[in-house]
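Listing of run-v2.cif; format and content: mmCIF, C-alpha atoms.
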data_target
#
loop_
_atom_site.label_atom_id
_atom_site.label_comp_id
_atom_site.auth_asym_id
_atom_site.auth_seq_id
_atom_site.Cartn_x
_atom_site.Cartn_y
_atom_site.Cartn_z
CA MET A 228 311.51 -43.95 103.73
CA SER A 229 310.83 -45.66 107.07
CA ASP A 230 307.24 -45.77 108.26
CA VAL A 231 308.35 -44.38 111.62
CA GLU A 232 310.29 -41.40 110.30
CA ARG A 233 309.21 -38.17 111.98
CA PRO A 234 309.97 -34.53 111.18
CA THR A 235 312.51 -32.57 113.18
CA ARG A 236 311.52 -30.06 115.85
CA ALA A 237 311.92 -27.30 113.26
CA HIS A 238 308.72 -28.49 111.59
CA VAL A 239 305.43 -29.62 113.11
CA GLY A 240 302.79 -31.59 111.25
CA GLU A 241 299.34 -30.09 111.01
CA ARG A 242 296.52 -31.48 113.13
CA ARG A 243 294.32 -34.09 111.51
CA TRP A 244 290.99 -33.06 113.05
CA PRO A 245 290.06 -30.36 110.48
CA MET A 246 290.45 -32.84 107.64
CA ALA A 247 288.65 -35.55 109.65
CA CYS A 248 285.70 -33.23 110.36
CA ALA A 249 285.40 -32.45 106.65
CA VAL A 250 285.35 -36.14 105.73
CA LEU A 251 282.75 -36.92 108.38
CA THR A 252 280.60 -34.01 107.15
CA ALA A 253 280.69 -35.38 103.62
CA ALA A 254 279.83 -38.89 104.85
CA VAL A 255 276.86 -37.60 106.86
CA LEU A 256 275.59 -35.63 103.86
CA GLN A 257 275.81 -38.76 101.71
CA VAL A 258 273.79 -40.70 104.28
CA ILE A 259 271.00 -38.14 104.70
CA LEU A 260 270.97 -37.06 101.03
CA PRO A 261 267.48 -37.59 99.56
CA ARG A 262 267.86 -39.90 96.61
CA ARG A 263 266.15 -42.35 94.35
CA ALA A 264 267.43 -45.91 94.54
CA VAL A 265 269.73 -45.98 91.51
CA VAL A 266 272.56 -47.78 93.29
CA PRO A 267 271.22 -50.35 95.80
CA ILE A 268 274.44 -50.19 97.83
CA TRP A 269 274.61 -46.37 98.03
CA TRP A 270 275.39 -46.65 101.76
CA LEU A 271 278.67 -48.42 100.95
CA PHE A 272 280.39 -45.16 99.97
CA PRO A 273 280.12 -43.36 103.34
CA VAL A 274 280.94 -46.59 105.19
CA VAL A 275 284.17 -47.03 103.22
CA GLU A 276 285.06 -43.37 103.80
CA VAL A 277 284.59 -43.63 107.57
CA VAL A 278 286.54 -46.90 107.73
CA LEU A 279 289.47 -45.42 105.78
CA LEU A 280 289.42 -42.29 107.94
CA GLY A 281 289.45 -44.42 111.09
CA ALA A 282 292.43 -46.40 109.79
CA LEU A 283 294.31 -43.16 109.06
CA ILE A 284 293.62 -41.78 112.54
CA ILE A 285 294.74 -45.01 114.21
CA ALA A 286 297.91 -45.26 112.11
CA ASP A 287 298.88 -41.59 112.48
CA PRO A 288 296.90 -39.94 115.32
CA GLY A 289 297.16 -36.34 116.41
CA ARG A 290 299.36 -34.51 113.95
CA ILE A 291 300.04 -35.64 110.39
CA ASP A 292 303.75 -36.27 110.63
CA ARG A 293 304.42 -39.86 109.59
CA ARG A 294 305.98 -40.65 106.22
CA SER A 295 304.36 -43.76 104.80
CA THR A 296 303.53 -44.76 101.24
CA ALA A 297 300.68 -46.92 102.53
CA LEU A 298 299.13 -44.01 104.45
CA ARG A 299 299.38 -41.71 101.44
CA ARG A 300 297.71 -44.30 99.23
CA MET A 301 295.00 -44.77 101.84
CA THR A 302 294.38 -41.02 101.95
CA ILE A 303 294.16 -40.80 98.16
CA SER A 304 291.80 -43.81 98.12
CA LEU A 305 289.55 -42.08 100.66
CA ILE A 306 289.35 -38.92 98.56
CA ALA A 307 288.78 -40.94 95.38
CA VAL A 308 285.84 -42.82 96.93
CA MET A 309 284.29 -39.55 98.08
CA THR A 310 284.78 -38.01 94.63
CA VAL A 311 283.23 -40.98 92.80
CA ALA A 312 280.26 -41.08 95.19
CA ASN A 313 279.53 -37.38 94.77
CA THR A 314 280.01 -37.51 91.00
CA VAL A 315 277.47 -40.34 90.75
CA GLN A 316 274.98 -38.35 92.84
CA ALA A 317 275.56 -35.24 90.72
CA LEU A 318 274.96 -37.19 87.51
CA VAL A 319 271.78 -38.74 88.94
CA LEU A 320 270.50 -35.31 89.96
CA ILE A 321 271.29 -33.78 86.57
CA THR A 322 269.56 -36.71 84.86
CA ASP A 323 266.46 -36.27 87.05
CA ILE A 324 266.35 -32.55 86.23
CA VAL A 325 266.83 -32.98 82.48
CA GLU A 326 264.28 -35.80 82.25
CA GLY A 327 261.79 -33.93 84.45
CA SER A 328 261.54 -36.72 87.01
CA THR A 329 258.21 -36.81 88.82
CA GLY A 330 258.17 -36.26 92.56
CA LEU A 331 261.06 -33.79 92.37
CA THR A 332 259.82 -31.00 94.64
CA SER A 333 261.66 -27.73 95.09
CA THR A 334 262.62 -28.67 98.67
CA LEU A 335 263.97 -32.05 97.60
CA LEU A 336 265.78 -30.50 94.67
CA LEU A 337 267.46 -27.76 96.69
CA GLY A 338 268.39 -30.22 99.44
CA ARG A 339 270.07 -32.62 97.03
CA GLY A 340 271.77 -29.77 95.19
CA ALA A 341 273.14 -28.21 98.38
CA ALA A 342 274.47 -31.54 99.70
CA ILE A 343 276.22 -32.28 96.40
CA TRP A 344 277.66 -28.75 96.20
CA ILE A 345 279.07 -28.90 99.74
CA THR A 346 280.52 -32.38 99.22
CA ASN A 347 282.06 -31.19 95.97
CA VAL A 348 283.84 -28.41 97.87
CA ILE A 349 285.12 -30.86 100.49
CA ALA A 350 286.32 -33.44 97.94
CA PHE A 351 288.28 -30.92 95.87
CA SER A 352 289.72 -29.24 98.96
CA LEU A 353 291.13 -32.63 99.95
CA TRP A 354 292.64 -33.13 96.47
CA TYR A 355 294.35 -29.74 96.67
CA TRP A 356 295.53 -30.51 100.21
CA VAL A 357 297.00 -33.94 99.45
CA LEU A 358 298.67 -33.05 96.13
CA ASP A 359 300.07 -29.56 96.68
CA ARG A 360 303.79 -29.52 97.66
CA GLY A 361 303.84 -33.27 98.15
CA GLY A 362 301.01 -33.36 100.66
CA PRO A 363 300.76 -32.60 104.39
CA THR A 364 303.53 -35.00 105.42
CA GLU A 365 306.13 -33.51 103.09
CA ARG A 366 305.11 -30.03 104.21
CA ALA A 367 305.64 -31.17 107.82
CA PHE A 368 309.15 -32.34 106.94
CA GLY A 369 309.90 -29.04 105.21
CA THR A 370 310.59 -30.79 101.91
CA VAL A 371 311.20 -28.27 99.14
CA ILE A 372 308.71 -29.16 96.39
CA ARG A 373 307.49 -26.74 93.76
CA PRO A 374 304.13 -25.32 94.92
CA SER A 375 300.97 -25.75 92.88
CA PHE A 376 299.16 -22.84 94.52
CA MET A 377 300.43 -19.43 95.59
CA PHE A 378 298.67 -18.24 98.72
CA PRO A 379 298.39 -14.55 99.72
CA GLU A 380 300.54 -15.26 102.82
CA GLU A 381 303.46 -15.97 100.48
CA SER A 382 303.19 -12.60 98.77
CA SER A 383 302.94 -10.74 102.11
CA PRO A 384 305.63 -12.34 104.30
CA GLU A 385 305.63 -9.35 106.66
CA TRP A 386 302.14 -10.41 107.84
CA THR A 387 302.89 -14.13 107.92
CA PRO A 388 304.39 -16.15 110.80
CA GLU A 389 307.88 -17.45 110.14
CA GLY A 390 307.89 -20.92 108.59
CA TRP A 391 304.24 -20.65 107.49
CA GLU A 392 302.92 -23.57 105.44
CA PRO A 393 299.34 -24.01 104.15
CA THR A 394 297.15 -26.41 106.13
CA TYR A 395 293.79 -28.01 105.38
CA PRO A 396 291.63 -24.94 106.24
CA ASP A 397 293.59 -22.95 103.61
CA TYR A 398 292.69 -25.51 100.95
CA LEU A 399 289.07 -25.67 102.13
CA TYR A 400 288.84 -21.90 101.71
CA LEU A 401 290.42 -22.20 98.26
CA ALA A 402 287.89 -24.83 97.19
CA PHE A 403 284.94 -22.88 98.59
CA THR A 404 285.85 -19.60 96.89
CA ASN A 405 286.51 -21.41 93.61
CA ALA A 406 283.10 -23.10 93.80
CA ALA A 407 281.33 -19.86 94.73
CA ALA A 408 283.08 -17.52 92.29
CA PHE A 409 283.78 -20.11 89.56
CA SER A 410 287.33 -18.70 89.38
CA PRO A 411 290.43 -18.17 91.54
CA THR A 412 290.19 -15.38 94.09
CA ASP A 413 293.22 -14.60 96.27
CA THR A 414 294.99 -17.97 95.79
CA LEU A 415 296.34 -18.65 92.30
CA PRO A 416 297.06 -22.01 90.65
CA VAL A 417 300.57 -22.02 89.18
CA ARG A 418 300.79 -25.57 87.81
CA VAL A 419 298.77 -27.14 85.00
CA TRP A 420 297.20 -29.89 87.12
CA ALA A 421 296.02 -27.29 89.64
CA LYS A 422 294.45 -25.14 86.91
CA MET A 423 292.68 -28.12 85.31
CA THR A 424 291.42 -29.40 88.67
CA MET A 425 290.07 -25.99 89.62
CA MET A 426 288.40 -25.76 86.22
CA ALA A 427 286.75 -29.16 86.74
CA GLN A 428 285.51 -28.14 90.19
CA ALA A 429 284.09 -24.86 88.88
CA ALA A 430 282.39 -26.67 85.99
CA ILE A 431 280.68 -29.15 88.32
CA SER A 432 279.58 -26.40 90.71
CA LEU A 433 278.29 -24.24 87.88
CA SER A 434 276.36 -27.10 86.25
CA VAL A 435 274.69 -28.16 89.48
CA ALA A 436 273.89 -24.58 90.53
CA ILE A 437 272.40 -23.53 87.18
CA LEU A 438 270.29 -26.66 86.71
CA VAL A 439 269.08 -26.79 90.31
CA VAL A 440 268.12 -23.12 90.47
CA ALA A 441 266.46 -23.17 87.04
CA ARG A 442 264.44 -26.29 87.84
CA ALA A 443 263.49 -25.02 91.30
CA VAL A 444 262.22 -21.74 89.85
CA ASN A 445 260.27 -23.67 87.22
CA ILE A 446 258.61 -25.84 89.89
CA LEU A 447 257.74 -22.84 92.07
CA LEU A 448 256.21 -21.01 89.13
#

Using the file provided, produce a representation of the structure as structure tokens.
Amino acid sequence: MSDVERPTRAHVGERRWPMACAVLTAAVLQVILPRRAVVPIWWLFPVVEVVLLGALIIADPGRIDRRSTALRRMTISLIAVMTVANTVQALVLITDIVEGSTGLTSTLLLGRGAAIWITNVIAFSLWYWVLDRGGPTERAFGTVIRPSFMFPEESSPEWTPEGWEPTYPDYLYLAFTNAAAFSPTDTLPVRVWAKMTMMAQAAISLSVAILVVARAVNILL
């Protein structure tokens, strides 16, 4: 496909700013996250994320409506960097809790746990967003690709605008409810990869929540 191919007037690409705000939030949390110096270049992760986001905005500003293999790979690379960074921080936190690291106050513990939990929600919401139905560009073109998630709007078409397609806020809500309830709520995964990814997200959220709360209670008592 040509890099300059655009969708027809029948379809409009979703705006990029909700996704961009989520990425910037994750980057800020990684910068301000209290940590111990395990990785000397910890700052490299948020820098790479912001640089990749900037490149995406410059290459396809406004609405996400440009078909490009390079842009899709760049988007996936951005999400992968965010996922790796947060996974490393989660493992470091879990290690500190299990080993009973000194200097781990309840405030520090809850702050690190909350930042990791929020970033986990953002990272998985971006994976759902970029992989479901071929990603935002294919949804903008109206490409018929088997869905990985069934949203409530699709089971109640009488309440849904004509031509409705999920956008990033829908996937952010999906990721948040999955992390909070540790299970699907009103949006159901219908493909194996979606089920396994939701299971991985719930497992990470559950592990961090249980260990952080248990350790915090132990410190306070």

- Query: Using all atoms listed in the file, which residue out of A:Tyr395, A:Trp356, A:Phe351, A:Trp269 lies closest to Glu241 of chain A?
  - Reply: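 Residue with the minimum atom-to-atom distance to Glu241 of chain A: A:Tyr395.
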
- Item | Top pick for closest residue to Met309 of chain A, considering A:Ala297, A:Leu358, A:Leu335, A:Val255 and counting all atoms listed in the file |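 Result for the nearest residue to Met309 of chain A: A:Val255.
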
Selection: 6 Å around Phe376 of chain A, only C-alpha atoms, excl. self and same-chain fewer than 6 positions, as a PDB file with C-alpha atoms, in the coordinates of the input:
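Result went into around.pdb, see below:
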ATOM      1  CA  LEU A 415     296.340 -18.650  92.300  1.00  0.00           C
ATOM      2  CA  PRO A 416     297.060 -22.010  90.650  1.00  0.00           C
ATOM      3  CA  VAL A 417     300.570 -22.020  89.180  1.00  0.00           C
TER       4      VAL A 417
END

- Please, what distance in Å, to one decimal, runs between atom CA of Pro363 of chain A and atom CA of Ile291 of chain A? 6.8 Å

- Task: List every protein, DNA or RNA residue that has at least one atom no more than 9 Å from (276.6, -33.5, 101.0) in the file's coordinates, counting all atoms listed in the file, and write the result as a PyMOL selection string.
- Result: chain A and resi 252-260+313+338-347+349

- Message: Set the distance at 7 Å and use all atoms listed in the file: which residues neighbour Thr364 of chain A once local chain neighbours fewer than 5 positions away are removed? I'd like the list as an NGL selection string.
- Response: :A and (240 or 291-294)

Restrict the selected residues to C-alpha atoms and save them as a tab-separated table (two decimals), in the coordinates of the input.
chain	number	residue	atom	x	y	z
A	240	GLY	CA	302.79	-31.59	111.25
A	291	ILE	CA	300.04	-35.64	110.39
A	292	ASP	CA	303.75	-36.27	110.63
A	293	ARG	CA	304.42	-39.86	109.59
A	294	ARG	CA	305.98	-40.65	106.22

Please provide as a JSON list (two decimals) with C-alpha atoms, in the frame of the given file all residues within 9 Å of Thr370 of chain A, with the sequence filter that same-chain residues fewer than 3 positions apart are discarded (counting all atoms listed in the file).
[["chain", "number", "residue", "atom", "x", "y", "z"],
["A", 360, "ARG", "CA", 303.79, -29.52, 97.66],
["A", 361, "GLY", "CA", 303.84, -33.27, 98.15],
["A", 364, "THR", "CA", 303.53, -35.00, 105.42],
["A", 365, "GLU", "CA", 306.13, -33.51, 103.09],
["A", 366, "ARG", "CA", 305.11, -30.03, 104.21],
["A", 367, "ALA", "CA", 305.64, -31.17, 107.82]]

- Task: With a distance cut-off of 7 Å and all atoms listed in the file, select the neighbouring residues of Ala406 of chain A, excluding the residue or stretch itself and same-chain residues fewer than 4 positions from it, and output the selection as JSON, numbers by chain.
- Result: {"A": [348, 402, 428, 429, 432]}

- Kindly indicate which residue among A:Ile437, A:Ile431, A:Val419, A:Leu336 lies nearest to Thr310 of chain A, using all atoms listed in the file for the distances.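 Ranking A:Ile437, A:Ile431, A:Val419, A:Leu336 by distance to Thr310 of chain A, first place goes to A:Ile431.
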
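The residue that comes closest to Arg418 of chain A, out of A:Tyr398, A:Phe403, A:Trp386, A:Tyr355 and on the basis of all atoms listed in the file, is A:Tyr355.
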
- Message: I'd like the interatomic distance between atom CA of Phe378 of chain A and atom CA of Ser295 of chain A, to a tenth of an Å.
- Response: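 Result for atom CA of Phe378 of chain A versus atom CA of Ser295 of chain A: 26.8 Å, one decimal.
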
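From atom CA of Val277 of chain A back to atom CA of Asp397 of chain A, the distance works out to 22.9 Å.
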
- Message: I'd like to see the residues matched by the PyMOL selection byres ((chain A and resi 315-328) around 8) on this file, and ideally I'd get them as a list in words.
- Response: Val265, Val311, Ala312, Asn313, Thr314, Thr329, Gly330, Leu331, Arg339, Gly340, Ile343, Val435, Leu438, Val439 and Arg442 of chain A

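Between Ile285 of chain A and the residues A:Ala350, A:Ser382, A:Arg243, A:Thr332, the shortest atom-to-atom distance, using all atoms listed in the file, involves A:Arg243.
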
- Task: Output the residue selection produced by the PyMOL selection byres ((chain A and resi 304) around 12) on the file above, formatted as an MDAnalysis selection string.
- Result: chainID A and resid 272 275:280 282:283 297:303 305:311 350 353:354 357

- Message: Could you check the closest approach to Val440 of chain A for each of A:Asp413, A:Pro396, A:Thr334, A:Trp391 and tell me which residue wins, using all atoms listed in the file?
- Response: A:Thr334
